[in-house]
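Notes for the one structure printed next.
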Amino acid sequence: MKSNILKYTTLLLTLTGFVNCESKSQLATSKNNKSLLWEITGNELQKPAYIYGTMHLMCKQDAVLSDNLKKIIRDVDEIYFEIDMDDLGQLLSGFSMGTMKNDTTLNELYSSEEFERILHFFESHGMGMQLQMFQKMQPMLISALVYQAILPCSAADGIELNIMQVAHDYKKEIKGLETAAFQASALESISYTTQAKELLYSIDNLDSTEAESEKMMALYKEQDLEKLLDFSLKTDGGTTSDVQDVMINQRNKSWVEKFPDISKNKSLLIAVGAGHLGGQAGVLNLLKEKGYQLRPVEN
């Protein structure tokens, strides 16, 4: 059951003793301002905090943590993910809330021909049983399985899980900026019809979905947050502005509002999806608007 919950957590994330942090002299600044790892100071912070842009699903060989990131994990007081990935009870609650209401099943959202195309995709990729397992899950969660299927590798991983392992090694407390149940409930504000359209779009346009996924990974490796955001907005052919607002913008605002309280008298590492960091409505810019200073750290 726990393996299923961890799989669900990966889907949901697609749409975590007191010592001093490393000083600036020990953490080199990124020379070109391109980085997934940023230091937050100023605005009465007593200790620096750090924010890192993750990718929830990628090939195992690419999910590698830099030395600077490992040092930060070692030296901060707490680690924050989007959700508390250490809380099995919370994950179970999110798993339950991720199911569609009124016993709705995936096949009910499509014509017989459309559902046949979806079924063929999952069966041809050896994931027919997974589709059956998640028949009652909201379609946007199932969409993550499409991206898992087209990864150019046999072993998938996520940055969050590797950060969590290092955090466990150093006995760090792990917390969440929001609950799994909240993430699942946020999807409820997006109609099942809209979600179903996005899932079908990714399958019907598989060649472009694969090409876009490869480009996204390349930009992630370049650590260019602005290009990553721009590319994502230009290529998400099935995504509406309403979905963008619910899943990205509103949550960014909520996290920044919580930051002064969670960072009081302690140092943090916040690890959230890289798509949340860049842009005018991104977490980095919102923190700057609140008076914090942001510095890219070599990663």
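Chain labels follow the order of the structure tokens: the first chain is A, the next B, and so on; residue numbering restarts at 1 in every chain, and ligands are counted from 1 in their shown order.
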**Asked** Could you pull out the helix (DSSP H, G or I) residues of stretch 95-172 of chain A from DSSP and send them as a VMD selection string?
**Response** chain A and resid 95 to 97 101 to 103 106 to 109 112 to 124 128 to 133 139 to 149 159 to 169
Same residues, C-alpha atoms, saved as a PDB file, in the first residue's frame:
```
ATOM      1  CA  PHE A  95      -4.866   9.640  -1.982  1.00  0.00           C
ATOM      2  CA  SER A  96      -8.501   9.381  -0.915  1.00  0.00           C
ATOM      3  CA  MET A  97      -9.300  12.973  -1.885  1.00  0.00           C
ATOM      4  CA  LYS A 101     -16.630  12.343  -6.673  1.00  0.00           C
ATOM      5  CA  ASN A 102     -19.914  10.506  -7.261  1.00  0.00           C
ATOM      6  CA  ASP A 103     -18.074   7.281  -8.146  1.00  0.00           C
ATOM      7  CA  LEU A 106     -12.257   7.649 -16.212  1.00  0.00           C
ATOM      8  CA  ASN A 107     -14.090   5.896 -19.033  1.00  0.00           C
ATOM      9  CA  GLU A 108     -17.259   7.895 -18.270  1.00  0.00           C
ATOM     10  CA  LEU A 109     -15.477  11.110 -19.304  1.00  0.00           C
ATOM     11  CA  SER A 112     -15.808   4.793 -26.380  1.00  0.00           C
ATOM     12  CA  GLU A 113     -13.373   5.653 -29.190  1.00  0.00           C
ATOM     13  CA  GLU A 114     -11.484   8.194 -27.093  1.00  0.00           C
ATOM     14  CA  PHE A 115     -11.168   5.845 -24.137  1.00  0.00           C
ATOM     15  CA  GLU A 116      -9.934   3.107 -26.450  1.00  0.00           C
ATOM     16  CA  ARG A 117      -7.057   5.397 -27.514  1.00  0.00           C
ATOM     17  CA  ILE A 118      -6.155   5.999 -23.870  1.00  0.00           C
ATOM     18  CA  LEU A 119      -6.371   2.311 -23.027  1.00  0.00           C
ATOM     19  CA  HIS A 120      -4.211   1.398 -26.030  1.00  0.00           C
ATOM     20  CA  PHE A 121      -1.513   3.844 -24.935  1.00  0.00           C
ATOM     21  CA  PHE A 122      -1.277   2.468 -21.407  1.00  0.00           C
ATOM     22  CA  GLU A 123      -1.412  -1.173 -22.493  1.00  0.00           C
ATOM     23  CA  SER A 124       1.231  -0.637 -25.189  1.00  0.00           C
ATOM     24  CA  GLY A 128      -2.577  -1.294 -18.237  1.00  0.00           C
ATOM     25  CA  MET A 129      -2.731  -2.424 -14.614  1.00  0.00           C
ATOM     26  CA  GLN A 130      -1.749   1.038 -13.386  1.00  0.00           C
ATOM     27  CA  LEU A 131      -4.534   2.613 -15.428  1.00  0.00           C
ATOM     28  CA  GLN A 132      -6.972   0.145 -13.907  1.00  0.00           C
ATOM     29  CA  MET A 133      -5.657   0.943 -10.409  1.00  0.00           C
ATOM     30  CA  PRO A 139      -7.450  12.728 -14.894  1.00  0.00           C
ATOM     31  CA  MET A 140      -4.702  15.309 -14.254  1.00  0.00           C
ATOM     32  CA  LEU A 141      -3.114  12.881 -11.800  1.00  0.00           C
ATOM     33  CA  ILE A 142      -3.253  10.095 -14.358  1.00  0.00           C
ATOM     34  CA  SER A 143      -1.566  12.451 -16.857  1.00  0.00           C
ATOM     35  CA  ALA A 144       1.649  12.094 -14.865  1.00  0.00           C
ATOM     36  CA  LEU A 145       1.707   8.410 -15.815  1.00  0.00           C
ATOM     37  CA  VAL A 146       1.928   9.470 -19.469  1.00  0.00           C
ATOM     38  CA  TYR A 147       5.136  11.358 -18.759  1.00  0.00           C
ATOM     39  CA  GLN A 148       6.481   8.425 -16.788  1.00  0.00           C
ATOM     40  CA  ALA A 149       5.796   6.146 -19.755  1.00  0.00           C
ATOM     41  CA  ILE A 159      14.575  14.887  -6.788  1.00  0.00           C
ATOM     42  CA  GLU A 160      12.348  15.112  -3.705  1.00  0.00           C
ATOM     43  CA  LEU A 161      12.919  11.479  -2.771  1.00  0.00           C
ATOM     44  CA  ASN A 162      16.690  11.931  -2.941  1.00  0.00           C
ATOM     45  CA  ILE A 163      16.564  15.111  -0.868  1.00  0.00           C
ATOM     46  CA  MET A 164      14.416  13.270   1.660  1.00  0.00           C
ATOM     47  CA  GLN A 165      16.947  10.428   1.890  1.00  0.00           C
ATOM     48  CA  VAL A 166      19.814  12.837   2.653  1.00  0.00           C
ATOM     49  CA  ALA A 167      17.584  14.678   5.127  1.00  0.00           C
ATOM     50  CA  HIS A 168      16.901  11.381   6.889  1.00  0.00           C
ATOM     51  CA  ASP A 169      20.654  10.693   7.043  1.00  0.00           C
TER      52      ASP A 169
END
```
**Message:** According to DSSP computed on the backbone, where in stretch 34-63 of chain A is there strand (DSSP E or B)? Give the residues as an MDAnalysis selection string.
**Reply:** chainID A and resid 37:41 49:54 58:59
**Asked** So, counting only C-alpha atoms, which residue among A:Gln183, A:Leu284, A:Ile150, A:Leu65 is closest to A:Leu206?
**Response**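 Closest residue, counting only C-alpha atoms: A:Ile150.
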**Message:** Which residues are near A:Asp67? Cut-off 12 Å, only C-alpha atoms, ignore same chain within fewer than 2 positions. Put them as a list in words.
**Reply:** Gln26, Leu27, Ala28, Leu37, Val64, Leu65, Leu69, Lys70, Lys71, Ile72, Ile73, Arg74, Ile163, Val166, Val297, Glu298 and Asn299 of chain A
Using the selection just defined, write its residues with N, CA and C atoms as a JSON list (two decimals), in the first residue's frame.
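So again07.json came out as:
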```
[["chain", "number", "residue", "atom", "x", "y", "z"],
["A", 26, "GLN", "N", 31.33, 30.10, 1.53],
["A", 26, "GLN", "CA", 31.42, 28.66, 1.36],
["A", 26, "GLN", "C", 30.47, 28.12, 0.30],
["A", 27, "LEU", "N", 29.51, 28.93, -0.08],
["A", 27, "LEU", "CA", 28.58, 28.54, -1.14],
["A", 27, "LEU", "C", 28.75, 29.49, -2.30],
["A", 28, "ALA", "N", 29.38, 29.02, -3.36],
["A", 28, "ALA", "CA", 29.72, 29.89, -4.48],
["A", 28, "ALA", "C", 28.47, 30.39, -5.20],
["A", 37, "LEU", "N", 19.01, 26.63, -7.41],
["A", 37, "LEU", "CA", 19.23, 26.78, -5.97],
["A", 37, "LEU", "C", 19.48, 28.25, -5.64],
["A", 64, "VAL", "N", 20.33, 13.77, -9.50],
["A", 64, "VAL", "CA", 21.55, 13.82, -8.69],
["A", 64, "VAL", "C", 21.59, 15.14, -7.92],
["A", 65, "LEU", "N", 21.98, 15.09, -6.67],
["A", 65, "LEU", "CA", 22.07, 16.29, -5.84],
["A", 65, "LEU", "C", 23.49, 16.84, -5.87],
["A", 69, "LEU", "N", 23.99, 21.58, -2.52],
["A", 69, "LEU", "CA", 22.66, 21.24, -2.02],
["A", 69, "LEU", "C", 22.77, 20.27, -0.84],
["A", 70, "LYS", "N", 23.67, 19.31, -0.93],
["A", 70, "LYS", "CA", 23.85, 18.37, 0.19],
["A", 70, "LYS", "C", 24.34, 19.09, 1.45],
["A", 71, "LYS", "N", 25.22, 20.09, 1.28],
["A", 71, "LYS", "CA", 25.70, 20.87, 2.43],
["A", 71, "LYS", "C", 24.55, 21.63, 3.08],
["A", 72, "ILE", "N", 23.70, 22.20, 2.24],
["A", 72, "ILE", "CA", 22.58, 22.96, 2.77],
["A", 72, "ILE", "C", 21.62, 22.04, 3.53],
["A", 73, "ILE", "N", 21.34, 20.86, 2.97],
["A", 73, "ILE", "CA", 20.48, 19.90, 3.67],
["A", 73, "ILE", "C", 21.08, 19.57, 5.04],
["A", 74, "ARG", "N", 22.39, 19.41, 5.07],
["A", 74, "ARG", "CA", 23.07, 19.07, 6.32],
["A", 74, "ARG", "C", 22.94, 20.17, 7.36],
["A", 163, "ILE", "N", 16.37, 14.12, -1.94],
["A", 163, "ILE", "CA", 16.56, 15.11, -0.87],
["A", 163, "ILE", "C", 16.10, 14.53, 0.46],
["A", 166, "VAL", "N", 18.70, 12.14, 2.00],
["A", 166, "VAL", "CA", 19.81, 12.84, 2.65],
["A", 166, "VAL", "C", 19.34, 13.50, 3.94],
["A", 297, "VAL", "N", 22.78, 30.32, -6.06],
["A", 297, "VAL", "CA", 23.89, 29.54, -5.53],
["A", 297, "VAL", "C", 24.31, 28.51, -6.57],
["A", 298, "GLU", "N", 25.59, 28.34, -6.73],
["A", 298, "GLU", "CA", 26.10, 27.35, -7.69],
["A", 298, "GLU", "C", 25.56, 25.98, -7.35],
["A", 299, "ASN", "N", 25.02, 25.31, -8.34],
["A", 299, "ASN", "CA", 24.36, 24.01, -8.09],
["A", 299, "ASN", "C", 24.88, 22.96, -9.08]]
```
**Prompt:** What is the distance, in Å and to one decimal place, between atom CA of A:Gly98 and atom CA of A:Asp242?
**Reply:** 19.1 Å
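Proximity to stretch 211-228 of chain A at 9 Å, evaluated using only C-alpha atoms and with sequence-adjacent residues fewer than 3 positions away removed, yields Asn33, Lys34, Ser35, Leu36, Leu37, Gly53, Thr54, Met55, Met58, Asp62, Tyr147, Ile150, Leu151, Pro152, Leu206, Asp207, Ser208, Phe231, Ser232, Leu233, Thr235, Asp236, Ala274, Gly275, Leu277, Gly278, Gly279 and Asn299 of chain A.
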**Request:** Have a look at A:Ile203, A:Leu294, A:Leu287, A:Ala186 and name the one nearest to A:His125; count only C-alpha atoms.
**Result:**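 Going through A:Ile203, A:Leu294, A:Leu287, A:Ala186 one by one, the smallest distance to A:His125 is for A:Ile203.
You can rank A:Val283, A:Ala181, A:Ala49, A:Val246 by their closest distance to A:Leu92 using only C-alpha atoms, and at the top of that list sits A:Ala181.
In this structure, atom CA of A:Leu177 sits 14.5 Å away from atom CA of A:Asn249.
Proximity to A:Glu198 was assessed for A:Gln61, A:Gln138, A:Ser254, A:Ser185 counting only C-alpha atoms; the smallest distance is recorded for A:Gln138.
Interatomic distance, atom CA of A:Pro48 to atom CA of A:Ala180: 27.2 Å.
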